[in-house]
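Have a look at upload.txt below; it lists compact mmCIF, N, CA and C atoms.
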# COMPACT_ATOMS: atom_id res chain seq x y z
N MET O 1 18.43 -55.18 31.04
CA MET O 1 17.46 -55.97 30.30
C MET O 1 17.79 -57.45 30.52
N ILE O 2 16.76 -58.23 30.84
CA ILE O 2 16.91 -59.66 31.06
C ILE O 2 15.90 -60.39 30.18
N ILE O 3 16.38 -61.36 29.42
CA ILE O 3 15.50 -62.23 28.63
C ILE O 3 15.47 -63.58 29.33
N ARG O 4 14.26 -64.07 29.61
CA ARG O 4 14.14 -65.34 30.32
C ARG O 4 12.92 -66.10 29.82
N ASP O 5 12.84 -67.36 30.23
CA ASP O 5 11.67 -68.18 29.90
C ASP O 5 10.42 -67.62 30.55
N TYR O 6 9.31 -67.76 29.87
CA TYR O 6 8.01 -67.41 30.42
C TYR O 6 7.70 -68.33 31.59
N GLN O 7 7.08 -67.77 32.62
CA GLN O 7 6.61 -68.55 33.76
C GLN O 7 5.12 -68.27 33.94
N SER O 8 4.38 -69.22 34.44
CA SER O 8 2.92 -69.05 34.55
C SER O 8 2.55 -67.81 35.36
N GLU O 9 3.37 -67.42 36.32
CA GLU O 9 3.07 -66.21 37.10
C GLU O 9 3.24 -64.92 36.30
N ASP O 10 3.77 -65.01 35.08
CA ASP O 10 3.90 -63.84 34.21
C ASP O 10 2.59 -63.48 33.52
N LEU O 11 1.62 -64.38 33.56
CA LEU O 11 0.40 -64.21 32.77
C LEU O 11 -0.33 -62.91 33.08
N LEU O 12 -0.47 -62.54 34.33
CA LEU O 12 -1.20 -61.32 34.68
C LEU O 12 -0.54 -60.09 34.04
N ALA O 13 0.76 -59.99 34.12
CA ALA O 13 1.47 -58.85 33.51
C ALA O 13 1.28 -58.85 32.00
N LEU O 14 1.32 -60.03 31.37
CA LEU O 14 1.15 -60.10 29.92
C LEU O 14 -0.28 -59.77 29.53
N GLU O 15 -1.25 -60.16 30.34
CA GLU O 15 -2.64 -59.79 30.06
C GLU O 15 -2.81 -58.28 30.10
N GLN O 16 -2.14 -57.61 31.04
CA GLN O 16 -2.22 -56.15 31.13
C GLN O 16 -1.58 -55.49 29.91
N ILE O 17 -0.45 -56.00 29.47
CA ILE O 17 0.20 -55.48 28.26
C ILE O 17 -0.71 -55.69 27.06
N TYR O 18 -1.30 -56.87 26.96
CA TYR O 18 -2.19 -57.20 25.86
C TYR O 18 -3.38 -56.23 25.81
N VAL O 19 -4.03 -55.99 26.95
CA VAL O 19 -5.17 -55.08 26.99
C VAL O 19 -4.76 -53.68 26.58
N ALA O 20 -3.61 -53.22 27.06
CA ALA O 20 -3.13 -51.87 26.73
C ALA O 20 -2.85 -51.72 25.23
N GLN O 21 -2.44 -52.80 24.57
CA GLN O 21 -2.15 -52.73 23.13
C GLN O 21 -3.41 -52.72 22.28
N ALA O 22 -4.54 -53.18 22.83
CA ALA O 22 -5.82 -53.23 22.09
C ALA O 22 -5.66 -53.97 20.76
N LEU O 23 -5.07 -55.13 20.81
CA LEU O 23 -4.83 -55.92 19.59
C LEU O 23 -6.14 -56.53 19.09
N PRO O 24 -6.28 -56.67 17.76
CA PRO O 24 -7.54 -57.16 17.19
C PRO O 24 -7.64 -58.69 17.13
N TYR O 25 -7.08 -59.36 18.09
CA TYR O 25 -7.18 -60.81 18.18
C TYR O 25 -7.09 -61.22 19.64
N PRO O 26 -7.59 -62.41 19.97
CA PRO O 26 -7.55 -62.84 21.37
C PRO O 26 -6.12 -63.10 21.85
N LEU O 27 -5.92 -62.93 23.13
CA LEU O 27 -4.63 -63.27 23.72
C LEU O 27 -4.38 -64.75 23.48
N PRO O 28 -3.25 -65.11 22.91
CA PRO O 28 -2.99 -66.53 22.65
C PRO O 28 -2.92 -67.34 23.94
N ALA O 29 -3.22 -68.61 23.83
CA ALA O 29 -3.09 -69.52 24.96
C ALA O 29 -1.61 -69.82 25.16
N LEU O 30 -0.98 -69.08 26.03
CA LEU O 30 0.47 -69.17 26.19
C LEU O 30 0.93 -70.54 26.66
N ASP O 31 0.09 -71.25 27.37
CA ASP O 31 0.47 -72.59 27.83
C ASP O 31 0.59 -73.59 26.68
N ARG O 32 0.04 -73.26 25.51
CA ARG O 32 0.12 -74.16 24.35
C ARG O 32 1.23 -73.77 23.37
N MET O 33 1.95 -72.71 23.68
CA MET O 33 2.99 -72.23 22.78
C MET O 33 4.25 -73.11 22.86
N LEU O 34 4.94 -73.17 21.76
CA LEU O 34 6.14 -73.99 21.64
C LEU O 34 7.34 -73.31 22.28
N VAL O 35 7.51 -72.02 22.07
CA VAL O 35 8.61 -71.23 22.62
C VAL O 35 8.00 -69.99 23.25
N ARG O 36 8.42 -69.65 24.47
CA ARG O 36 7.89 -68.48 25.17
C ARG O 36 9.04 -67.80 25.91
N ARG O 37 9.23 -66.51 25.65
CA ARG O 37 10.27 -65.74 26.33
C ARG O 37 9.68 -64.38 26.72
N VAL O 38 10.21 -63.83 27.81
CA VAL O 38 9.83 -62.48 28.22
C VAL O 38 11.08 -61.65 28.40
N VAL O 39 10.91 -60.35 28.26
CA VAL O 39 11.99 -59.39 28.50
C VAL O 39 11.57 -58.55 29.70
N THR O 40 12.46 -58.43 30.67
CA THR O 40 12.19 -57.56 31.81
C THR O 40 13.23 -56.45 31.82
N ASP O 41 12.86 -55.37 32.45
CA ASP O 41 13.82 -54.27 32.63
C ASP O 41 14.48 -54.37 34.00
N GLY O 42 14.36 -55.52 34.61
CA GLY O 42 14.88 -55.75 35.95
C GLY O 42 13.79 -55.67 37.00
N GLU O 43 12.68 -55.00 36.66
CA GLU O 43 11.58 -54.84 37.61
C GLU O 43 10.26 -55.39 37.08
N ARG O 44 10.05 -55.24 35.78
CA ARG O 44 8.76 -55.66 35.21
C ARG O 44 8.95 -56.17 33.80
N ILE O 45 7.96 -56.92 33.35
CA ILE O 45 7.99 -57.43 31.98
C ILE O 45 7.64 -56.27 31.03
N VAL O 46 8.44 -56.13 29.98
CA VAL O 46 8.21 -55.05 29.01
C VAL O 46 7.94 -55.58 27.59
N LEU O 47 8.33 -56.81 27.32
CA LEU O 47 8.07 -57.46 26.03
C LEU O 47 7.91 -58.96 26.28
N ALA O 48 7.24 -59.60 25.35
CA ALA O 48 7.14 -61.06 25.38
C ALA O 48 7.00 -61.57 23.96
N GLY O 49 7.46 -62.76 23.72
CA GLY O 49 7.32 -63.40 22.41
C GLY O 49 6.94 -64.86 22.60
N ALA O 50 6.16 -65.37 21.69
CA ALA O 50 5.75 -66.77 21.75
C ALA O 50 5.61 -67.30 20.33
N LEU O 51 5.89 -68.57 20.17
CA LEU O 51 5.75 -69.23 18.87
C LEU O 51 4.71 -70.34 18.99
N LYS O 52 3.71 -70.27 18.12
CA LYS O 52 2.65 -71.27 18.08
C LYS O 52 3.05 -72.36 17.09
N PRO O 53 2.85 -73.61 17.46
CA PRO O 53 3.13 -74.69 16.51
C PRO O 53 2.16 -74.64 15.33
N THR O 54 2.69 -74.38 14.14
CA THR O 54 1.88 -74.33 12.93
C THR O 54 2.53 -75.21 11.86
N ALA O 55 1.81 -75.41 10.80
CA ALA O 55 2.35 -76.20 9.69
C ALA O 55 1.91 -75.58 8.38
N ASP O 56 2.70 -75.78 7.36
CA ASP O 56 2.34 -75.37 6.00
C ASP O 56 1.79 -76.59 5.27
N ALA O 57 0.68 -76.40 4.59
CA ALA O 57 0.06 -77.48 3.84
C ALA O 57 0.54 -77.45 2.38
N TYR O 58 0.81 -78.61 1.86
CA TYR O 58 1.19 -78.76 0.45
C TYR O 58 0.26 -79.77 -0.19
N LEU O 59 -0.13 -79.51 -1.42
CA LEU O 59 -1.00 -80.41 -2.16
C LEU O 59 -0.40 -80.65 -3.53
N LEU O 60 -0.22 -81.90 -3.86
CA LEU O 60 0.26 -82.31 -5.18
C LEU O 60 -0.84 -83.11 -5.85
N VAL O 61 -1.20 -82.73 -7.06
CA VAL O 61 -2.33 -83.36 -7.76
C VAL O 61 -1.91 -83.72 -9.17
N ASP O 62 -2.15 -84.96 -9.56
CA ASP O 62 -2.00 -85.39 -10.95
C ASP O 62 -3.28 -84.98 -11.66
N THR O 63 -3.26 -83.86 -12.36
CA THR O 63 -4.47 -83.34 -12.99
C THR O 63 -4.92 -84.15 -14.20
N THR O 64 -4.14 -85.17 -14.59
CA THR O 64 -4.57 -86.04 -15.69
C THR O 64 -5.33 -87.25 -15.18
N TRP O 65 -5.37 -87.43 -13.86
CA TRP O 65 -6.04 -88.59 -13.27
C TRP O 65 -7.53 -88.35 -13.15
N GLN O 66 -8.31 -89.23 -13.68
CA GLN O 66 -9.76 -89.22 -13.55
C GLN O 66 -10.37 -87.88 -13.96
N THR O 67 -11.49 -87.55 -13.32
CA THR O 67 -12.21 -86.31 -13.63
C THR O 67 -12.04 -85.32 -12.47
N PRO O 68 -12.36 -84.04 -12.69
CA PRO O 68 -12.29 -83.10 -11.57
C PRO O 68 -13.16 -83.54 -10.38
N GLY O 69 -14.31 -84.11 -10.64
CA GLY O 69 -15.19 -84.56 -9.56
C GLY O 69 -14.55 -85.68 -8.74
N VAL O 70 -13.90 -86.61 -9.39
CA VAL O 70 -13.23 -87.71 -8.68
C VAL O 70 -12.04 -87.16 -7.90
N ARG O 71 -11.32 -86.23 -8.51
CA ARG O 71 -10.19 -85.62 -7.79
C ARG O 71 -10.68 -84.87 -6.55
N LEU O 72 -11.80 -84.16 -6.66
CA LEU O 72 -12.36 -83.47 -5.50
C LEU O 72 -12.77 -84.48 -4.42
N TRP O 73 -13.40 -85.56 -4.81
CA TRP O 73 -13.79 -86.61 -3.88
C TRP O 73 -12.55 -87.14 -3.14
N ALA O 74 -11.47 -87.37 -3.87
CA ALA O 74 -10.23 -87.85 -3.26
C ALA O 74 -9.64 -86.78 -2.32
N LEU O 75 -9.71 -85.52 -2.74
CA LEU O 75 -9.20 -84.43 -1.91
C LEU O 75 -9.99 -84.34 -0.61
N GLU O 76 -11.30 -84.51 -0.67
CA GLU O 76 -12.11 -84.47 0.55
C GLU O 76 -11.67 -85.55 1.53
N ARG O 77 -11.40 -86.75 1.02
CA ARG O 77 -10.95 -87.84 1.90
C ARG O 77 -9.54 -87.59 2.43
N LEU O 78 -8.66 -87.06 1.57
CA LEU O 78 -7.31 -86.74 2.01
C LEU O 78 -7.34 -85.65 3.07
N HIS O 79 -8.15 -84.62 2.86
CA HIS O 79 -8.27 -83.53 3.82
C HIS O 79 -8.71 -84.06 5.18
N ALA O 80 -9.72 -84.91 5.20
CA ALA O 80 -10.21 -85.48 6.46
C ALA O 80 -9.14 -86.31 7.15
N ALA O 81 -8.42 -87.10 6.39
CA ALA O 81 -7.36 -87.94 6.97
C ALA O 81 -6.22 -87.09 7.52
N MET O 82 -5.85 -86.04 6.78
CA MET O 82 -4.78 -85.15 7.25
C MET O 82 -5.22 -84.41 8.51
N LEU O 83 -6.47 -83.98 8.55
CA LEU O 83 -6.99 -83.28 9.72
C LEU O 83 -6.96 -84.19 10.94
N GLN O 84 -7.40 -85.43 10.79
CA GLN O 84 -7.38 -86.36 11.92
C GLN O 84 -5.95 -86.61 12.42
N ALA O 85 -5.01 -86.74 11.50
CA ALA O 85 -3.61 -86.95 11.90
C ALA O 85 -3.05 -85.71 12.59
N THR O 86 -3.42 -84.53 12.13
CA THR O 86 -2.92 -83.28 12.70
C THR O 86 -3.48 -83.05 14.10
N ILE O 87 -4.72 -83.41 14.32
CA ILE O 87 -5.35 -83.25 15.64
C ILE O 87 -4.55 -84.00 16.71
N LYS O 88 -3.90 -85.08 16.34
CA LYS O 88 -3.13 -85.88 17.30
C LYS O 88 -1.77 -85.28 17.63
N THR O 89 -1.43 -84.16 17.00
CA THR O 89 -0.15 -83.50 17.25
C THR O 89 -0.38 -82.24 18.08
N ASN O 90 0.67 -81.48 18.30
CA ASN O 90 0.56 -80.19 18.99
C ASN O 90 0.36 -79.04 18.00
N ILE O 91 0.20 -79.35 16.72
CA ILE O 91 -0.01 -78.30 15.71
C ILE O 91 -1.36 -77.66 15.96
N GLN O 92 -1.37 -76.32 16.03
CA GLN O 92 -2.59 -75.58 16.34
C GLN O 92 -3.23 -74.93 15.11
N GLN O 93 -2.46 -74.78 14.05
CA GLN O 93 -2.97 -74.08 12.88
C GLN O 93 -2.19 -74.53 11.66
N VAL O 94 -2.89 -74.62 10.53
CA VAL O 94 -2.25 -75.00 9.27
C VAL O 94 -2.46 -73.87 8.27
N HIS O 95 -1.41 -73.54 7.53
CA HIS O 95 -1.48 -72.49 6.53
C HIS O 95 -1.33 -73.10 5.14
N ALA O 96 -2.07 -72.58 4.20
CA ALA O 96 -1.94 -72.99 2.79
C ALA O 96 -1.53 -71.76 1.99
N TRP O 97 -0.40 -71.85 1.34
CA TRP O 97 0.09 -70.75 0.51
C TRP O 97 -0.31 -71.08 -0.93
N ILE O 98 -1.30 -70.37 -1.42
CA ILE O 98 -1.88 -70.68 -2.73
C ILE O 98 -1.23 -69.80 -3.80
N PRO O 99 -0.71 -70.41 -4.87
CA PRO O 99 -0.15 -69.61 -5.96
C PRO O 99 -1.21 -68.67 -6.53
N PRO O 100 -0.81 -67.47 -6.93
CA PRO O 100 -1.80 -66.48 -7.41
C PRO O 100 -2.72 -67.02 -8.51
N GLN O 101 -2.21 -67.83 -9.41
CA GLN O 101 -3.04 -68.32 -10.51
C GLN O 101 -4.10 -69.33 -10.05
N LEU O 102 -3.95 -69.89 -8.84
CA LEU O 102 -4.92 -70.85 -8.31
C LEU O 102 -5.77 -70.27 -7.18
N GLU O 103 -5.45 -69.06 -6.73
CA GLU O 103 -6.08 -68.52 -5.53
C GLU O 103 -7.59 -68.38 -5.67
N LYS O 104 -8.05 -67.90 -6.81
CA LYS O 104 -9.50 -67.68 -6.96
C LYS O 104 -10.28 -68.98 -6.83
N SER O 105 -9.89 -70.01 -7.53
CA SER O 105 -10.65 -71.25 -7.48
C SER O 105 -10.32 -72.08 -6.23
N MET O 106 -9.05 -72.27 -5.94
CA MET O 106 -8.68 -73.12 -4.80
C MET O 106 -8.99 -72.42 -3.48
N GLY O 107 -8.74 -71.12 -3.40
CA GLY O 107 -9.04 -70.39 -2.17
C GLY O 107 -10.52 -70.44 -1.84
N ARG O 108 -11.34 -70.22 -2.85
CA ARG O 108 -12.80 -70.27 -2.65
C ARG O 108 -13.22 -71.66 -2.17
N ARG O 109 -12.64 -72.71 -2.75
CA ARG O 109 -12.99 -74.07 -2.35
C ARG O 109 -12.55 -74.36 -0.92
N LEU O 110 -11.36 -73.89 -0.55
CA LEU O 110 -10.88 -74.10 0.83
C LEU O 110 -11.85 -73.48 1.84
N VAL O 111 -12.32 -72.28 1.53
CA VAL O 111 -13.23 -71.59 2.44
C VAL O 111 -14.61 -72.26 2.43
N ARG O 112 -15.16 -72.45 1.26
CA ARG O 112 -16.54 -72.94 1.13
C ARG O 112 -16.69 -74.41 1.52
N ASP O 113 -15.77 -75.25 1.07
CA ASP O 113 -15.95 -76.69 1.23
C ASP O 113 -15.17 -77.31 2.39
N PHE O 114 -14.10 -76.62 2.84
CA PHE O 114 -13.23 -77.26 3.82
C PHE O 114 -13.09 -76.49 5.13
N GLY O 115 -13.75 -75.34 5.26
CA GLY O 115 -13.75 -74.62 6.53
C GLY O 115 -12.52 -73.79 6.83
N TRP O 116 -11.70 -73.49 5.84
CA TRP O 116 -10.55 -72.62 6.03
C TRP O 116 -11.04 -71.18 5.98
N TRP O 117 -10.19 -70.23 6.33
CA TRP O 117 -10.51 -68.81 6.16
C TRP O 117 -9.32 -68.09 5.57
N HIS O 118 -9.62 -66.96 4.95
CA HIS O 118 -8.59 -66.12 4.32
C HIS O 118 -8.31 -64.95 5.24
N THR O 119 -7.07 -64.64 5.42
CA THR O 119 -6.69 -63.48 6.22
C THR O 119 -6.19 -62.37 5.32
N ASP O 120 -6.55 -61.17 5.65
CA ASP O 120 -6.06 -60.02 4.89
C ASP O 120 -4.78 -59.45 5.47
N TRP O 121 -4.31 -60.03 6.56
CA TRP O 121 -3.08 -59.54 7.19
C TRP O 121 -1.88 -59.95 6.37
N PRO O 122 -0.95 -59.03 6.19
CA PRO O 122 0.29 -59.39 5.50
C PRO O 122 1.04 -60.47 6.30
N CYS O 123 1.70 -61.34 5.61
CA CYS O 123 2.43 -62.42 6.25
C CYS O 123 3.92 -62.28 5.91
N TYR O 124 4.74 -62.51 6.91
CA TYR O 124 6.19 -62.47 6.72
C TYR O 124 6.73 -63.82 7.17
N VAL O 125 7.73 -64.32 6.51
CA VAL O 125 8.25 -65.67 6.76
C VAL O 125 9.71 -65.59 7.18
N LYS O 126 10.07 -66.41 8.15
CA LYS O 126 11.46 -66.53 8.59
C LYS O 126 11.82 -68.00 8.56
N GLU O 127 12.82 -68.35 7.75
CA GLU O 127 13.32 -69.71 7.73
C GLU O 127 14.22 -69.92 8.94
N VAL O 128 14.05 -71.05 9.60
CA VAL O 128 14.87 -71.40 10.75
C VAL O 128 15.61 -72.67 10.41
N LYS O 129 16.93 -72.58 10.37
CA LYS O 129 17.71 -73.75 9.97
C LYS O 129 18.66 -74.13 11.05
Same coordinates, now as structure tokens:
Amino acid sequence: MIIRDYQSEDLLALEQIYVAQALPYPLPALDRMLVRRVVTDGERIVLAGALKPTADAYLLVDTTWQTPGVRLWALERLHAAMLQATIKTNIQQVHAWIPPQLEKSMGRRLVRDFGWWHTDWPCYVKEVK
């Protein structure tokens, strides 16, 4: 078994593995990944892993400031500014972890007003230090 860096000539083999797995999502753009490794058995690629640059979003709100409408107006402007700043980076996706007590109202607003989506897939987290 050999673990090595991904090379562009590996793409065809990885596309074949991807098709055989029948995964319910598009093959990621491997050229945009932050970390890419493949495992070979000495003759062919048998596994591959890639890490996409993502970020976790945090929102802190002084709920005593102004009215809910003014706070929403400020959030809309903050969201736009954060999005513009993020576009200039290599970050490809942003995640928002919503506390259960806020999920119904804040989750609905993220989807309806800000273009986010909710995934039903379980999520697992690994801290890297």
- prompt: Near stretch 43-60 of chain O, within 6.5 Å and counting only N, CA and C atoms, which residues show up once chain neighbours fewer than 4 positions away are dropped, as a ChimeraX atom specification?
  reply: /O:32-39,90-97
query: Using the chain letters and numbers from this document, which residues of stretch 25-94 of chain O does DSSP assign to strand (DSSP E or B), as a VMD selection string?
result: chain O and resid 35 to 40 45 to 51 54 to 57 93 to 94
message: Which residue is closest to O:Gly42? Choose from O:Cys123, O:Ala85, O:Ile98, O:Ile3 and count only C-alpha atoms.
response: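 Counting only C-alpha atoms, the residue closest to O:Gly42 is O:Ile3.
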message: Write out as a PyMOL selection string the set of residues from stretch 14-94 of chain O that DSSP, computed on the backbone, places in helix (DSSP H, G or I).
response: chain O and resi 14-21+30-32+68-87
field: Between atom C of O:Asp10 and atom CA of O:Thr119, distance in Å (one decimal)
entry: 28.8 Å
query: Quick one: distance from atom CA of O:Gln7 to atom N of O:Leu27 in Å, one decimal?
result: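 Distance reported for this atom pair: 17.4 Å.
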Two-atom distance - atom CA of O:Arg109, atom CA of O:Leu75 (Å): 11.0 Å
query: Of the candidates O:Asp113, O:Lys88, O:Arg108, O:Asp120, which shows the shortest atom-to-atom distance to O:Leu72, using only C-alpha atoms?
result: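 Among the listed residues, O:Asp113 lies closest to O:Leu72.
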How big is the axis-aligned box around all listed atoms of stretch 24-28 of chain O once 8 Å goes on each side, and where's its centre, in Å to one decimal, as JSON?
{"center_x": -5.3, "center_y": -62.0, "center_z": 20.5, "size_x": 20.7, "size_y": 26.7, "size_z": 22.8}
So which residues fall inside 10 Å of (-7.9, -79.3, 8.1) if we count only C-alpha atoms? Mind giving them as a PDB file with N, CA and C atoms, keeping the file's coordinate frame?
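The result, stored in point-v3.pdb:
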ATOM      1  N   ALA O  57       0.680 -76.400   4.590  1.00  0.00           N
ATOM      2  CA  ALA O  57       0.060 -77.480   3.840  1.00  0.00           C
ATOM      3  C   ALA O  57       0.540 -77.450   2.380  1.00  0.00           C
ATOM      4  N   LEU O  78      -8.660 -87.060   1.570  1.00  0.00           N
ATOM      5  CA  LEU O  78      -7.310 -86.740   2.010  1.00  0.00           C
ATOM      6  C   LEU O  78      -7.340 -85.650   3.070  1.00  0.00           C
ATOM      7  N   HIS O  79      -8.150 -84.620   2.860  1.00  0.00           N
ATOM      8  CA  HIS O  79      -8.270 -83.530   3.820  1.00  0.00           C
ATOM      9  C   HIS O  79      -8.710 -84.060   5.180  1.00  0.00           C
ATOM     10  N   ALA O  80      -9.720 -84.910   5.200  1.00  0.00           N
ATOM     11  CA  ALA O  80     -10.210 -85.480   6.460  1.00  0.00           C
ATOM     12  C   ALA O  80      -9.140 -86.310   7.150  1.00  0.00           C
ATOM     13  N   ALA O  81      -8.420 -87.100   6.390  1.00  0.00           N
ATOM     14  CA  ALA O  81      -7.360 -87.940   6.970  1.00  0.00           C
ATOM     15  C   ALA O  81      -6.220 -87.090   7.520  1.00  0.00           C
ATOM     16  N   MET O  82      -5.850 -86.040   6.780  1.00  0.00           N
ATOM     17  CA  MET O  82      -4.780 -85.150   7.250  1.00  0.00           C
ATOM     18  C   MET O  82      -5.220 -84.410   8.510  1.00  0.00           C
ATOM     19  N   LEU O  83      -6.470 -83.980   8.550  1.00  0.00           N
ATOM     20  CA  LEU O  83      -6.990 -83.280   9.720  1.00  0.00           C
ATOM     21  C   LEU O  83      -6.960 -84.190  10.940  1.00  0.00           C
ATOM     22  N   GLN O  84      -7.400 -85.430  10.790  1.00  0.00           N
ATOM     23  CA  GLN O  84      -7.380 -86.360  11.920  1.00  0.00           C
ATOM     24  C   GLN O  84      -5.950 -86.610  12.420  1.00  0.00           C
ATOM     25  N   ALA O  85      -5.010 -86.740  11.500  1.00  0.00           N
ATOM     26  CA  ALA O  85      -3.610 -86.950  11.900  1.00  0.00           C
ATOM     27  C   ALA O  85      -3.050 -85.710  12.590  1.00  0.00           C
ATOM     28  N   THR O  86      -3.420 -84.530  12.130  1.00  0.00           N
ATOM     29  CA  THR O  86      -2.920 -83.280  12.700  1.00  0.00           C
ATOM     30  C   THR O  86      -3.480 -83.050  14.100  1.00  0.00           C
ATOM     31  N   ILE O  87      -4.720 -83.410  14.320  1.00  0.00           N
ATOM     32  CA  ILE O  87      -5.350 -83.250  15.640  1.00  0.00           C
ATOM     33  C   ILE O  87      -4.550 -84.000  16.710  1.00  0.00           C
ATOM     34  N   GLN O  93      -2.460 -74.780  14.050  1.00  0.00           N
ATOM     35  CA  GLN O  93      -2.970 -74.080  12.880  1.00  0.00           C
ATOM     36  C   GLN O  93      -2.190 -74.530  11.660  1.00  0.00           C
ATOM     37  N   VAL O  94      -2.890 -74.620  10.530  1.00  0.00           N
ATOM     38  CA  VAL O  94      -2.250 -75.000   9.270  1.00  0.00           C
ATOM     39  C   VAL O  94      -2.460 -73.870   8.270  1.00  0.00           C
ATOM     40  N   HIS O  95      -1.410 -73.540   7.530  1.00  0.00           N
ATOM     41  CA  HIS O  95      -1.480 -72.490   6.530  1.00  0.00           C
ATOM     42  C   HIS O  95      -1.330 -73.100   5.140  1.00  0.00           C
ATOM     43  N   LEU O 110     -11.360 -73.890  -0.550  1.00  0.00           N
ATOM     44  CA  LEU O 110     -10.880 -74.100   0.830  1.00  0.00           C
ATOM     45  C   LEU O 110     -11.850 -73.480   1.840  1.00  0.00           C
ATOM     46  N   PHE O 114     -14.100 -76.620   2.840  1.00  0.00           N
ATOM     47  CA  PHE O 114     -13.230 -77.260   3.820  1.00  0.00           C
ATOM     48  C   PHE O 114     -13.090 -76.490   5.130  1.00  0.00           C
ATOM     49  N   GLY O 115     -13.750 -75.340   5.260  1.00  0.00           N
ATOM     50  CA  GLY O 115     -13.750 -74.620   6.530  1.00  0.00           C
ATOM     51  C   GLY O 115     -12.520 -73.790   6.830  1.00  0.00           C
ATOM     52  N   TRP O 116     -11.700 -73.490   5.840  1.00  0.00           N
ATOM     53  CA  TRP O 116     -10.550 -72.620   6.030  1.00  0.00           C
ATOM     54  C   TRP O 116     -11.040 -71.180   5.980  1.00  0.00           C
TER      55      TRP O 116
END
